[in-house]
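*Asks:* Structure below; questions to follow.
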Amino acid sequence: MSRSTYTVSGMVCGHCAGFVTEEIERVAGVTAVAVDVESGVVTVTSDRDLDVEDVRAAVEEAGYELVRA
């Protein structure tokens, strides 16, 4: 099991967190997503190492920006 933390900009509410969570959960191997809207931190648990570009694409699909991996 692997856990990664990312910083995402543009999230301001629970709906934002929901959109980001939904898109990241679609990435192969992801088992859990936890979003802290106030800090912009997203923690992703997966059953394998994830490619940061896959996570970036999911965040962008949700309408936000991955600013730090």
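FYI, nothing fancy with the structure tokens labels: chains A, B, ... in order, residues from 1 per chain, ligands from 1 as they appear.
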From chain A, collect each residue whose DSSP state is alpha helix (DSSP H) and return the set as number ranges by chain.

*Replies:* A: 14-25, 52-61

*Asks:* Which neighbours of Ser39 (chain A) fall inside 10 Å, counting only C-alpha atoms, when residues of the same chain fewer than 5 positions from it are skipped, and could you give them as JSON, numbers by chain?

*Replies:* {"A": [7, 8, 9, 11, 12]}

*Asks:* Based on the selection just made, write all heavy atoms of those residues as a compact mmCIF listing (two decimals), in the first residue's frame.

*Replies:*
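The new file part11.txt reads:
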# COMPACT_ATOMS: atom_id res chain seq x y z
N THR A 7 -0.67 18.91 -3.18
CA THR A 7 -1.29 20.21 -2.91
C THR A 7 -2.06 20.62 -4.16
O THR A 7 -1.52 20.61 -5.26
CB THR A 7 -0.23 21.27 -2.55
OG1 THR A 7 0.51 20.81 -1.43
CG2 THR A 7 -0.88 22.60 -2.23
N VAL A 8 -3.32 20.98 -3.95
CA VAL A 8 -4.22 21.35 -5.04
C VAL A 8 -4.72 22.76 -4.79
O VAL A 8 -5.16 23.09 -3.68
CB VAL A 8 -5.40 20.37 -5.12
CG1 VAL A 8 -6.40 20.80 -6.18
CG2 VAL A 8 -4.90 18.95 -5.43
N SER A 9 -4.67 23.62 -5.80
CA SER A 9 -5.16 24.99 -5.64
C SER A 9 -6.55 25.14 -6.25
O SER A 9 -6.92 24.42 -7.17
CB SER A 9 -4.20 25.99 -6.28
OG SER A 9 -4.25 25.87 -7.69
N MET A 11 -9.54 24.90 -4.55
CA MET A 11 -10.64 24.31 -3.81
C MET A 11 -11.08 25.26 -2.70
O MET A 11 -10.24 25.75 -1.94
CB MET A 11 -10.23 22.97 -3.19
CG MET A 11 -9.86 21.91 -4.18
SD MET A 11 -9.52 20.32 -3.40
CE MET A 11 -8.15 20.72 -2.31
N VAL A 12 -12.38 25.51 -2.60
CA VAL A 12 -12.87 26.43 -1.57
C VAL A 12 -14.02 25.86 -0.73
O VAL A 12 -14.44 26.49 0.23
CB VAL A 12 -13.31 27.78 -2.19
CG1 VAL A 12 -12.12 28.50 -2.81
CG2 VAL A 12 -14.41 27.58 -3.20

*Asks:* Excluding Phe19 (chain A) and residues on its chain fewer than 6 positions from it, collect all residues at most 10 Å away from it, counting only C-alpha atoms, and give them as a PyMOL selection string.

*Replies:* chain A and resi 11+58-59+61-64

*Asks:* Would you mind listing what lies within 12 Å of Glu22 (chain A) as a ChimeraX atom specification, with only C-alpha atoms counted and same-chain residues fewer than 2 positions away left out?

*Replies:* /A:15-20,24-27,30-35,44,55,58-59,61-63

*Asks:* From the set A:Gly40, A:Met1, A:Arg56, A:Tyr6, which residue has the shortest atom-to-atom contact distance to Ala69 (chain A), counting only C-alpha atoms?

*Replies:* A:Tyr6

*Asks:* Any idea what's packed within 10 Å of Gly29 (chain A), counting only C-alpha atoms, ignoring anything in its chain fewer than 4 positions away? Could you give it as a list in words?

*Replies:* Met1, Ser2, Glu25, Thr45, Ser46, Asp47, Arg48, Asp49 and Leu50 of chain A

*Asks:* Keeping all heavy atoms, export the residues of the selection given above as a compact mmCIF listing (two decimals), in the first residue's frame.

*Replies:*
# COMPACT_ATOMS: atom_id res chain seq x y z
N MET A 1 0.84 -1.17 0.00
CA MET A 1 0.00 0.00 0.00
C MET A 1 0.89 1.24 0.00
O MET A 1 1.92 1.28 0.64
CB MET A 1 -0.90 -0.02 1.23
CG MET A 1 -1.83 1.13 1.22
SD MET A 1 -3.49 0.94 1.88
CE MET A 1 -3.95 -0.72 1.68
N SER A 2 0.46 2.24 -0.73
CA SER A 2 1.23 3.47 -0.88
C SER A 2 0.35 4.66 -0.51
O SER A 2 -0.85 4.66 -0.78
CB SER A 2 1.69 3.58 -2.33
OG SER A 2 2.35 4.80 -2.55
N GLU A 25 -10.42 9.14 -7.60
CA GLU A 25 -10.84 7.76 -7.36
C GLU A 25 -10.90 6.95 -8.65
O GLU A 25 -10.85 5.72 -8.62
CB GLU A 25 -12.19 7.72 -6.66
CG GLU A 25 -12.10 8.08 -5.19
CD GLU A 25 -13.45 8.11 -4.50
OE1 GLU A 25 -14.49 8.28 -5.18
OE2 GLU A 25 -13.46 7.98 -3.26
N THR A 45 -4.39 7.19 -1.08
CA THR A 45 -3.91 5.86 -0.73
C THR A 45 -4.16 4.96 -1.93
O THR A 45 -5.23 5.02 -2.54
CB THR A 45 -4.64 5.33 0.51
OG1 THR A 45 -4.50 6.28 1.57
CG2 THR A 45 -4.08 4.00 0.95
N SER A 46 -3.18 4.15 -2.26
CA SER A 46 -3.31 3.29 -3.43
C SER A 46 -2.64 1.95 -3.17
O SER A 46 -1.82 1.82 -2.26
CB SER A 46 -2.69 3.96 -4.66
OG SER A 46 -1.33 4.23 -4.42
N ASP A 47 -2.99 0.99 -4.01
CA ASP A 47 -2.40 -0.34 -3.87
C ASP A 47 -1.12 -0.49 -4.68
O ASP A 47 -0.56 -1.56 -4.77
CB ASP A 47 -3.41 -1.43 -4.21
CG ASP A 47 -3.94 -1.33 -5.64
OD1 ASP A 47 -3.41 -0.54 -6.44
OD2 ASP A 47 -4.91 -2.05 -5.95
N ARG A 48 -0.66 0.61 -5.26
CA ARG A 48 0.60 0.63 -6.02
C ARG A 48 1.07 2.08 -6.11
O ARG A 48 0.33 3.01 -5.82
CB ARG A 48 0.40 0.04 -7.40
CG ARG A 48 -0.60 0.81 -8.22
CD ARG A 48 -0.81 0.20 -9.59
NE ARG A 48 -2.20 0.37 -9.97
CZ ARG A 48 -2.87 -0.44 -10.72
NH1 ARG A 48 -2.31 -1.50 -11.19
NH2 ARG A 48 -4.12 -0.21 -11.02
N ASP A 49 2.30 2.28 -6.55
CA ASP A 49 2.81 3.64 -6.76
C ASP A 49 2.06 4.26 -7.94
O ASP A 49 1.84 3.61 -8.95
CB ASP A 49 4.31 3.62 -7.06
CG ASP A 49 5.14 3.25 -5.85
OD1 ASP A 49 4.66 3.46 -4.72
OD2 ASP A 49 6.26 2.76 -6.03
N LEU A 50 1.66 5.51 -7.75
CA LEU A 50 0.92 6.21 -8.80
C LEU A 50 1.84 7.12 -9.59
O LEU A 50 2.79 7.68 -9.05
CB LEU A 50 -0.19 7.06 -8.17
CG LEU A 50 -1.26 6.32 -7.38
CD1 LEU A 50 -2.22 7.32 -6.76
CD2 LEU A 50 -2.00 5.34 -8.26

*Asks:* How far is it from CA of Ala57 (chain A) to CA of Gly14 (chain A), in Å with one decimal?

*Replies:*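 CA of Ala57 (chain A) sits 20.4 Å away from CA of Gly14 (chain A).
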
*Asks:* Calculated over only C-alpha atoms, which of the candidates A:Val37, A:Glu23, A:Arg3, A:Val42 has the smallest distance to Leu66 (chain A)?

*Replies:*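 Nearest candidate to Leu66 (chain A) out of A:Val37, A:Glu23, A:Arg3, A:Val42: A:Val42.
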